[in-house]
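Trainee: I am sharing query22.cif, which consists of mmCIF, C-alpha atoms and all ligand atoms:
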```cif
data_work
#
loop_
_atom_site.label_atom_id
_atom_site.label_comp_id
_atom_site.auth_asym_id
_atom_site.auth_seq_id
_atom_site.Cartn_x
_atom_site.Cartn_y
_atom_site.Cartn_z
CA MET A 1 274.90 91.06 224.21
CA THR A 2 274.89 93.09 221.05
CA GLU A 3 278.68 93.39 221.05
CA GLY A 4 280.25 91.97 217.94
CA LEU A 5 276.96 92.32 216.11
CA LEU A 6 276.91 96.10 215.95
CA GLN A 7 279.41 98.23 214.08
CA ARG A 8 279.66 102.02 214.17
CA GLY A 9 280.12 104.46 211.29
CA VAL A 10 280.12 101.96 208.45
CA SER A 11 280.55 103.03 204.82
CA LEU A 12 277.65 101.85 202.66
CA GLN A 13 279.42 102.51 199.36
CA ARG A 14 280.13 98.88 198.59
CA PHE A 15 276.64 97.84 199.73
CA ASN A 16 274.78 99.83 197.04
CA THR A 17 275.12 99.01 193.36
CA PHE A 18 274.97 102.71 192.41
CA GLY A 19 278.25 103.05 194.32
CA LEU A 20 277.09 106.16 196.17
CA PRO A 21 279.02 107.23 199.26
CA ALA A 22 277.12 107.35 202.56
CA ARG A 23 277.70 106.16 206.11
CA ALA A 24 275.42 104.36 208.50
CA ALA A 25 275.70 105.48 212.13
CA TRP A 26 275.18 101.82 213.11
CA PHE A 27 275.33 98.63 211.10
CA ALA A 28 274.60 94.97 211.83
CA ALA A 29 274.84 91.97 209.50
CA ILE A 30 272.05 89.50 210.24
CA ASP A 31 272.89 85.86 209.43
CA ALA A 32 270.04 84.31 211.40
CA PRO A 33 266.65 85.57 212.62
CA GLU A 34 267.70 84.79 216.23
CA GLN A 35 270.28 87.58 216.14
CA LEU A 36 267.46 90.07 215.81
CA ALA A 37 265.87 88.88 219.03
CA THR A 38 269.01 89.96 220.89
CA LEU A 39 268.94 93.38 219.28
CA MET A 40 265.23 93.91 219.65
CA ALA A 41 265.23 92.92 223.32
CA ASP A 42 267.13 96.15 223.96
CA PRO A 43 264.69 99.10 223.95
CA GLU A 44 267.38 101.46 222.70
CA TRP A 45 267.72 99.51 219.47
CA ARG A 46 264.03 98.90 219.13
CA LEU A 47 263.39 102.64 218.99
CA ARG A 48 266.24 103.62 216.72
CA ARG A 49 265.64 104.52 213.05
CA ARG A 50 266.25 101.41 210.97
CA PHE A 51 266.78 100.44 207.38
CA VAL A 52 266.78 96.87 206.06
CA LEU A 53 269.39 96.35 203.37
CA GLY A 54 269.34 93.53 200.83
CA GLY A 55 271.63 93.58 197.79
CA GLY A 56 271.42 97.40 197.61
CA SER A 57 270.52 97.18 193.92
CA ASN A 58 267.31 99.19 194.09
CA LEU A 59 268.57 101.88 196.42
CA VAL A 60 269.65 105.51 196.12
CA LEU A 61 271.57 106.78 199.13
CA THR A 62 270.90 110.51 199.30
CA GLY A 63 273.13 111.07 202.33
CA ASP A 64 274.39 109.58 205.60
CA PHE A 65 271.93 107.48 207.58
CA ASP A 66 271.63 108.41 211.21
CA GLY A 67 270.26 105.06 212.32
CA LEU A 68 270.80 101.31 212.24
CA VAL A 69 271.26 99.50 208.93
CA LEU A 70 270.39 95.80 209.10
CA GLN A 71 272.07 93.88 206.32
CA VAL A 72 270.21 90.62 205.67
CA ARG A 73 272.51 87.66 204.98
CA ILE A 74 270.20 84.76 205.85
CA SER A 75 271.05 81.89 203.49
CA GLY A 76 269.59 78.53 202.45
CA ARG A 77 267.25 77.16 199.79
CA GLU A 78 265.18 73.98 199.93
CA PRO A 79 262.08 72.33 198.56
CA VAL A 80 259.40 72.48 201.27
CA GLY A 81 256.52 70.59 199.74
CA GLU A 82 254.41 69.94 196.78
CA GLU A 83 250.77 70.54 195.86
CA ALA A 84 248.71 69.08 193.02
CA ASP A 85 249.76 71.88 190.70
CA ALA A 86 252.96 73.32 192.19
CA TRP A 87 256.36 72.77 193.77
CA LEU A 88 257.06 74.86 196.86
CA VAL A 89 260.59 76.18 197.30
CA ARG A 90 261.80 78.24 200.27
CA ALA A 91 264.88 80.46 200.27
CA GLY A 92 266.68 82.64 202.80
CA ALA A 93 266.26 86.38 202.25
CA GLY A 94 270.01 86.91 201.83
CA GLU A 95 270.35 84.51 198.89
CA ASN A 96 271.29 86.06 195.57
CA TRP A 97 268.18 86.22 193.36
CA HIS A 98 269.76 85.02 190.14
CA ASP A 99 271.48 82.12 191.93
CA LEU A 100 268.04 81.00 193.13
CA VAL A 101 266.63 81.22 189.60
CA ARG A 102 269.53 79.14 188.24
CA TRP A 103 269.23 76.58 191.01
CA THR A 104 265.46 76.08 190.51
CA LEU A 105 265.99 75.59 186.77
CA ALA A 106 268.79 73.08 187.41
CA GLN A 107 266.45 71.14 189.72
CA GLY A 108 263.86 70.95 186.93
CA TRP A 109 261.43 73.44 188.50
CA PRO A 110 260.58 76.07 185.90
CA GLY A 111 258.72 79.31 186.61
CA LEU A 112 261.26 81.99 187.47
CA GLU A 113 263.15 82.02 184.13
CA ASN A 114 261.73 85.37 182.90
CA LEU A 115 263.23 86.96 186.02
CA SER A 116 266.77 85.79 185.27
CA LEU A 117 269.71 88.10 186.00
CA ILE A 118 267.76 90.62 188.08
CA PRO A 119 270.28 91.96 190.59
CA GLY A 120 269.59 91.78 194.31
CA THR A 121 268.48 89.34 196.95
CA VAL A 122 265.55 87.00 197.52
CA GLY A 123 264.31 89.10 200.44
CA ALA A 124 264.18 92.26 198.35
CA ALA A 125 262.21 90.60 195.55
CA PRO A 126 258.78 90.88 197.23
CA VAL A 127 259.41 94.42 198.51
CA GLN A 128 259.21 95.88 195.02
CA ASN A 129 257.55 92.84 193.42
CA ILE A 130 260.33 92.46 190.86
CA GLY A 131 259.19 91.94 187.31
CA ALA A 132 260.57 91.59 183.82
CA TYR A 133 259.71 90.25 180.38
CA GLY A 134 256.07 89.55 181.05
CA LEU A 135 256.27 88.08 184.56
CA GLU A 136 255.99 89.53 188.05
CA MET A 137 257.32 87.75 191.12
CA ALA A 138 253.81 87.93 192.66
CA GLU A 139 252.68 85.27 190.17
CA ARG A 140 255.15 82.78 191.66
CA PHE A 141 254.79 83.78 195.30
CA GLN A 142 253.43 81.56 198.07
CA GLN A 143 254.32 83.29 201.35
CA LEU A 144 257.06 85.04 203.25
CA GLU A 145 258.32 84.99 206.80
CA ALA A 146 259.40 88.17 208.53
CA ILE A 147 260.26 89.61 211.92
CA ASP A 148 258.20 92.55 213.09
CA LEU A 149 260.91 95.00 214.12
CA GLU A 150 258.50 96.85 216.43
CA THR A 151 257.51 93.83 218.51
CA GLY A 152 260.13 91.19 217.68
CA ALA A 153 257.35 88.75 216.70
CA ALA A 154 257.74 86.28 213.83
CA VAL A 155 254.98 86.81 211.25
CA THR A 156 253.89 85.22 207.97
CA PHE A 157 252.47 87.10 204.97
CA ASP A 158 250.47 85.33 202.27
CA ARG A 159 250.03 86.85 198.82
CA ASP A 160 246.98 88.97 199.71
CA ALA A 161 248.66 90.36 202.81
CA CYS A 162 251.60 91.56 200.67
CA ARG A 163 249.25 93.68 198.50
CA PHE A 164 251.47 93.36 195.45
CA GLY A 165 251.18 95.91 192.66
CA TYR A 166 253.39 97.07 189.82
CA ARG A 167 256.86 97.39 191.48
CA ASP A 168 254.98 97.77 194.74
CA SER A 169 253.88 96.00 197.93
CA VAL A 170 252.81 96.74 201.48
CA PHE A 171 256.55 96.76 202.35
CA LYS A 172 256.99 99.98 200.35
CA LYS A 173 253.84 101.58 201.79
CA ALA A 174 252.01 101.02 205.09
CA ALA A 175 254.60 98.54 206.40
CA ALA A 176 257.70 100.36 205.12
CA GLY A 177 260.64 99.80 207.49
CA ARG A 178 258.63 97.73 209.93
CA PHE A 179 259.46 94.17 208.88
CA LEU A 180 262.64 92.31 208.16
CA ILE A 181 261.91 89.55 205.65
CA THR A 182 263.79 86.38 206.59
CA HIS A 183 262.54 83.76 204.09
CA VAL A 184 260.40 83.63 200.96
CA THR A 185 258.52 80.59 199.64
CA PHE A 186 257.81 80.36 195.92
CA ARG A 187 255.17 78.37 194.11
CA LEU A 188 256.52 76.92 190.87
CA PRO A 189 253.96 75.52 188.45
CA LYS A 190 254.00 71.81 187.59
CA ARG A 191 252.06 72.47 184.40
CA TRP A 192 254.44 75.06 183.04
CA ARG A 193 253.85 77.13 179.95
CA PRO A 194 256.47 79.46 178.50
CA ALA A 195 255.77 83.20 178.83
CA THR A 196 257.07 84.54 175.53
CA GLY A 197 254.55 87.34 174.93
CA TYR A 198 257.07 90.14 175.53
CA ALA A 199 258.32 91.40 172.16
CA ASP A 200 262.03 91.32 173.08
CA VAL A 201 261.80 87.69 174.24
CA ALA A 202 259.84 86.55 171.19
CA GLN A 203 262.40 88.22 168.89
CA GLU A 204 265.36 86.76 170.72
CA LEU A 205 263.93 83.22 170.54
CA GLU A 206 263.16 83.68 166.86
CA ALA A 207 266.71 84.84 166.20
CA ARG A 208 267.90 81.68 167.95
CA ARG A 209 265.44 79.63 165.87
CA ILE A 210 263.76 78.18 168.94
CA ALA A 211 260.08 77.49 168.34
CA GLN A 212 259.28 75.51 171.49
CA PRO A 213 261.46 76.94 174.21
CA THR A 214 262.30 75.22 177.47
CA ALA A 215 262.53 77.27 180.65
CA GLN A 216 266.31 77.21 180.25
CA ASP A 217 265.98 78.61 176.69
CA ILE A 218 263.92 81.51 178.03
CA SER A 219 266.41 82.13 180.80
CA ASP A 220 269.25 82.20 178.25
CA ALA A 221 267.29 84.60 176.01
CA VAL A 222 266.49 86.94 178.92
CA ILE A 223 270.12 86.93 180.03
CA ALA A 224 271.20 87.87 176.49
CA ILE A 225 268.66 90.72 176.28
CA ARG A 226 269.49 92.09 179.72
CA THR A 227 273.22 91.92 179.03
CA ARG A 228 272.73 93.92 175.82
CA LYS A 229 270.41 96.58 177.22
CA LEU A 230 271.22 97.00 180.88
CA PRO A 231 274.52 97.99 182.48
CA ASP A 232 276.19 95.38 184.71
CA PRO A 233 276.15 96.97 188.18
CA ALA A 234 279.48 95.26 188.94
CA ARG A 235 281.04 97.46 186.23
CA ILE A 236 278.86 100.58 185.95
CA GLY A 237 277.07 101.83 189.04
CA ASN A 238 273.29 101.90 188.63
CA ALA A 239 270.02 100.88 190.30
CA GLY A 240 268.14 99.41 187.32
CA SER A 241 265.13 101.33 186.04
CA PHE A 242 265.21 104.69 187.75
CA PHE A 243 261.53 105.54 187.12
CA LYS A 244 258.35 103.50 187.08
CA ASN A 245 256.52 103.30 183.79
CA PRO A 246 253.75 105.90 184.29
CA VAL A 247 250.09 104.96 184.08
CA VAL A 248 247.67 107.53 182.61
CA ASP A 249 243.90 107.60 182.06
CA VAL A 250 242.36 106.96 178.65
CA ALA A 251 241.66 110.64 177.91
CA ALA A 252 245.26 111.67 178.60
CA PHE A 253 246.49 108.73 176.54
CA ALA A 254 244.28 109.64 173.55
CA GLU A 255 245.66 113.16 173.56
CA LEU A 256 249.27 111.96 173.72
CA ALA A 257 248.79 109.27 171.07
CA ALA A 258 247.38 111.89 168.69
CA ARG A 259 250.46 114.07 169.21
CA PHE A 260 252.97 111.18 169.20
CA PRO A 261 251.68 108.35 166.99
CA GLU A 262 254.74 106.16 167.67
CA LEU A 263 254.23 106.28 171.48
CA PRO A 264 254.59 102.73 172.92
CA TYR A 265 251.73 101.83 175.28
CA TYR A 266 250.38 98.91 177.28
CA PRO A 267 246.61 98.87 178.03
CA GLN A 268 245.92 97.93 181.67
CA PRO A 269 243.12 95.71 182.96
CA GLU A 270 241.37 98.64 184.75
CA GLY A 271 241.10 100.67 181.54
CA SER A 272 244.12 102.91 182.13
CA VAL A 273 247.23 102.87 179.91
CA LYS A 274 250.84 102.31 180.90
CA LEU A 275 253.49 104.27 178.98
CA ALA A 276 257.18 103.50 178.51
CA ALA A 277 259.16 105.96 180.65
CA GLY A 278 262.32 104.99 178.74
CA TRP A 279 260.74 106.12 175.48
CA LEU A 280 259.53 109.43 176.97
CA ILE A 281 263.01 110.19 178.36
CA ASP A 282 264.69 109.11 175.13
CA ARG A 283 262.33 111.33 173.13
CA CYS A 284 263.27 114.32 175.31
CA GLY A 285 266.85 113.80 174.13
CA TRP A 286 268.33 112.55 177.41
CA LYS A 287 269.72 109.20 176.26
CA GLY A 288 273.50 109.13 176.63
CA ARG A 289 273.60 112.61 178.24
CA ASP A 290 275.36 113.43 181.51
CA LEU A 291 274.71 115.98 184.20
CA GLY A 292 277.83 116.15 186.34
CA PRO A 293 278.98 112.66 187.30
CA VAL A 294 275.63 110.96 186.59
CA GLY A 295 274.43 109.97 183.15
CA VAL A 296 271.52 108.46 181.25
CA TYR A 297 272.62 105.05 179.99
CA GLU A 298 273.19 105.06 176.23
CA ARG A 299 271.36 101.77 175.60
CA GLN A 300 268.33 102.23 177.91
CA ALA A 301 267.17 105.72 178.85
CA LEU A 302 265.35 104.46 181.95
CA VAL A 303 268.63 103.68 183.70
CA LEU A 304 270.77 106.35 185.36
CA VAL A 305 274.44 105.49 185.75
CA ASN A 306 277.34 106.60 187.93
CA ARG A 307 280.07 107.88 185.63
CA GLY A 308 282.46 107.95 188.60
CA GLY A 309 282.43 109.73 191.92
CA ALA A 310 278.70 110.50 191.94
CA ARG A 311 276.92 111.43 195.17
CA GLY A 312 273.24 111.09 196.04
CA GLU A 313 272.57 114.76 195.33
CA ASP A 314 274.02 114.41 191.80
CA VAL A 315 271.59 111.56 191.10
CA LEU A 316 268.65 113.59 192.43
CA ARG A 317 269.66 116.62 190.32
CA LEU A 318 269.60 114.61 187.09
CA ALA A 319 266.39 112.83 188.10
CA ARG A 320 264.65 116.19 188.69
CA ALA A 321 265.90 117.57 185.35
CA ILE A 322 264.49 114.52 183.55
CA GLN A 323 261.18 114.77 185.40
CA ALA A 324 260.90 118.45 184.39
CA SER A 325 261.57 117.65 180.70
CA VAL A 326 259.02 114.85 180.60
CA ARG A 327 256.46 117.00 182.44
CA SER A 328 256.83 119.91 180.01
CA THR A 329 256.92 117.78 176.85
CA PHE A 330 254.25 115.20 177.69
CA GLY A 331 252.46 116.48 180.81
CA VAL A 332 253.36 113.17 182.50
CA GLU A 333 254.80 112.79 186.02
CA LEU A 334 257.63 110.28 186.47
CA GLU A 335 257.94 108.62 189.85
CA PRO A 336 261.31 107.20 190.99
CA GLU A 337 261.32 103.43 191.19
CA PRO A 338 264.19 102.66 193.63
CA VAL A 339 263.98 103.28 197.35
CA LEU A 340 265.42 106.72 198.22
CA LEU A 341 267.14 106.75 201.60
N1 LIG B 401 262.45 102.60 174.83
C1 LIG B 401 262.99 103.60 174.07
N2 LIG B 401 264.17 104.15 174.45
C2 LIG B 401 264.84 103.73 175.55
C3 LIG B 401 264.29 102.71 176.35
C4 LIG B 401 263.07 102.16 175.96
O1 LIG B 401 262.42 104.01 173.06
O2 LIG B 401 265.89 104.27 175.84
C5 LIG B 401 261.18 101.97 174.41
C6 LIG B 401 261.44 100.55 173.88
O3 LIG B 401 261.76 100.54 172.53
C7 LIG B 401 260.12 99.87 174.16
C8 LIG B 401 259.64 100.55 175.44
O4 LIG B 401 260.33 101.79 175.52
O5 LIG B 401 259.19 100.17 173.15
C9 LIG B 401 259.88 99.71 176.66
O6 LIG B 401 261.26 99.41 176.81
P1 LIG B 401 261.81 98.01 177.42
O7 LIG B 401 261.10 96.88 176.80
O8 LIG B 401 263.30 98.04 177.35
O9 LIG B 401 261.34 98.00 178.93
P2 LIG B 401 261.10 99.16 179.99
O10 LIG B 401 259.63 99.46 180.04
O11 LIG B 401 262.00 100.31 179.71
C10 LIG B 401 260.66 97.53 181.97
C11 LIG B 401 261.09 97.38 183.40
C12 LIG B 401 262.46 96.70 183.48
C13 LIG B 401 262.37 95.36 182.80
C14 LIG B 401 261.89 95.55 181.37
C15 LIG B 401 261.64 94.25 180.67
C16 LIG B 401 260.06 99.13 184.71
C17 LIG B 401 260.25 100.43 185.44
N3 LIG B 401 261.12 98.66 184.07
O12 LIG B 401 261.55 98.45 181.35
O13 LIG B 401 262.76 96.50 184.86
O14 LIG B 401 263.61 94.69 182.82
O15 LIG B 401 260.63 96.29 181.35
O16 LIG B 401 260.52 93.64 181.20
O17 LIG B 401 258.96 98.57 184.75
C18 LIG B 401 263.79 97.44 186.79
O18 LIG B 401 262.69 97.43 187.31
O19 LIG B 401 264.82 97.86 187.40
C19 LIG B 401 263.93 96.97 185.42
C20 LIG B 401 265.09 96.99 184.76
#
```
The structure in this file should be written as structure tokens.
Mentor:
Amino acid sequence: MTEGLLQRGVSLQRFNTFGLPARAAWFAAIDAPEQLATLMADPEWRLRRRFVLGGGSNLVLTGDFDGLVLQVRISGREPVGEEADAWLVRAGAGENWHDLVRWTLAQGWPGLENLSLIPGTVGAAPVQNIGAYGLEMAERFQQLEAIDLETGAAVTFDRDACRFGYRDSVFKKAAAGRFLITHVTFRLPKRWRPATGYADVAQELEARRIAQPTAQDISDAVIAIRTRKLPDPARIGNAGSFFKNPVVDVAAFAELAARFPELPYYPQPEGSVKLAAGWLIDRCGWKGRDLGPVGVYERQALVLVNRGGARGEDVLRLARAIQASVRSTFGVELEPEPVLL
């Protein structure tokens, strides 16, 4: 029954944007939720170690994977309803994220424009609650559908059930590895207001002499900023920001701000303060430096790049060296942002 669906010993190199070499003992591409039922009916596959792969753009492969990789390729996007204040749009988890953003804008449904050009798939977006330029996906989220890989049951998660946080959700914590997201429904506001609070976006719009931007203007500005600052994974292997921006308490912040008056910071609602990991790494002198085949991107110190032929262990070695520098200079712990497998 599972013949044709399962492949053995598959290279994952072209399925991760960092371009790291690793093999999966077993691999299955999932085009429709029903295919999972076949797999999950077999106890052998139900018990095997699993990893759900989207676009592989937020992933660091540290070595071979001795289990089953499920590559999600479920497609489709459609309007599914309308409420007084929002349009509801549902997309298959395997759809490319940026294609969805472009399509919604072309339909006249604004709301996702600040998240333009983020690599990866629709199904991966809620896992790490993607965010950029003043907007997090959680703010546009209605619900998602998933298959429970332990029971085979179809389940729905609303926003509360996803427990979204900064680059975080239940799918990275308590429910890690348990669910395969098949579809996501977004809630796009009918009474739209541009989110231009982020300094880079405001500056870009000013440079373009746009005072009252449309959603498309914001998308264009974000694309220009991202193209300038972030490496295109199709050309230079990377996984986006390699560390989360660390959050410290007020006392620790006061001490650091006294020592480093130019420290960028973002006060948080709960009274803590978020720092810019890119600035901390830059300040430690890492920007543009290499350690073996992995480097710190010259235009954004938060991004580690594959200079050619890098392996997972090379990435981890540079990451640990950066963490040690930032710890000794600032007393701040940096936590990796991508999923390490
Ligand atoms: N900075 C430096 N040197 C650097 C990089 C940054 O001094 O090499 C300073 C900047 O000048 C700025 C501050 O650090 O004052 C923040 O930099 P930036 O606005 O470029 O954003 P970021 O905090 O480095 C975050 C997200 C990005 C997202 C941008 C824009 C995280 C971990 N990263 O980066 O998300 O695109 O904001 O919203 O939250 C990702 O998650 O993969 C990602 C790329």
Trainee: 8 Å from ligand LIG 401 (chain B) is the threshold here; counting all atoms listed in the file, which polymer residues fall inside it? Answer as a ChimeraX atom specification.
Mentor: /A:58,118,130-135,166-167,198-200,226,229-230,239-245,264-265,275-283,287,297-303,337-338
Trainee: Name the closest residue to Asp232 of chain A among the candidates A:Ala124, A:Ala174, A:Leu117, A:Val339; distances are taken between atoms, counting all atoms listed in the file.
Mentor: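 Ranking A:Ala124, A:Ala174, A:Leu117, A:Val339 by distance to Asp232 of chain A, first place goes to A:Leu117.
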Trainee: What is the distance, in Å and to one decimal place, between atom CA of Pro231 of chain A and atom CA of Val315 of chain A?
Mentor: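 Taking atom CA of Pro231 of chain A and atom CA of Val315 of chain A, their separation equals 16.3 Å.
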Trainee: I need the residue nearest Ala125 of chain A from this list: A:Gly63, A:Gly94, A:Gly237, A:Gly81. Use all atoms listed in the file for the distance.
Mentor: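 Ranked by minimum distance to Ala125 of chain A, first place goes to A:Gly94.
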Trainee: For Met137 of chain A, which of A:Arg259, A:Arg23, A:Arg187, A:Arg317 is the closest residue, counting only C-alpha atoms?
Mentor: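 Ranked by minimum distance to Met137 of chain A, first place goes to A:Arg187.
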Trainee: Return the single residue from A:Val184, A:Leu20, A:Val273, A:Leu100 that is closest to Ala251 of chain A, with distances computed using only C-alpha atoms.
Mentor: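 Of A:Val184, A:Leu20, A:Val273, A:Leu100, the one nearest Ala251 of chain A is A:Val273, counting only C-alpha atoms.
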Trainee: Counting all atoms listed in the file, which of A:Ile147, A:Ala215, A:Leu304, A:Cys284 gets nearest to Gln107 of chain A?
Mentor: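 Nearest candidate to Gln107 of chain A out of A:Ile147, A:Ala215, A:Leu304, A:Cys284: A:Ala215.
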Trainee: Quick one: residues within 8 Å of Phe164 of chain A, only C-alpha atoms, excluding same-chain residues fewer than 5 positions away - as a VMD selection string?
Mentor: chain A and resid 126 129 138 159 169 to 170
Trainee: From the list A:Asp148, A:Gly67, A:Leu188, A:Trp286, which residue is nearest Thr104 of chain A when using all atoms listed in the file?
Mentor: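 Looking only at the distances to Thr104 of chain A, the closest residue turns out to be A:Leu188.
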Trainee: Just the residues within 8 Å of Leu53 of chain A, please, counting only C-alpha atoms, with nothing from its chain fewer than 3 positions along; format it as a compact mmCIF listing (two decimals) with C-alpha atoms, in the frame of the given file.
Mentor:
```txt
# COMPACT_ATOMS: atom_id res chain seq x y z
CA GLY A 56 271.42 97.40 197.61
CA VAL A 69 271.26 99.50 208.93
CA LEU A 70 270.39 95.80 209.10
CA GLN A 71 272.07 93.88 206.32
CA VAL A 72 270.21 90.62 205.67
```
Trainee: Could you check how far atom CA of Leu340 of chain A sits from atom CA of Arg46 of chain A, in Å to one decimal?
Mentor: 22.4 Å
Trainee: Using all atoms listed in the file, which protein or nucleic acid residues come within 8 Å of Thr121 of chain A? Drop anything in the same chain fewer than 5 positions from it, and give the result as a PyMOL selection string.
Mentor: chain A and resi 54-55+93-97
Trainee: How many Å separate atom CA of Phe330 of chain A from atom CA of Glu270 of chain A?
Mentor: 22.1 Å
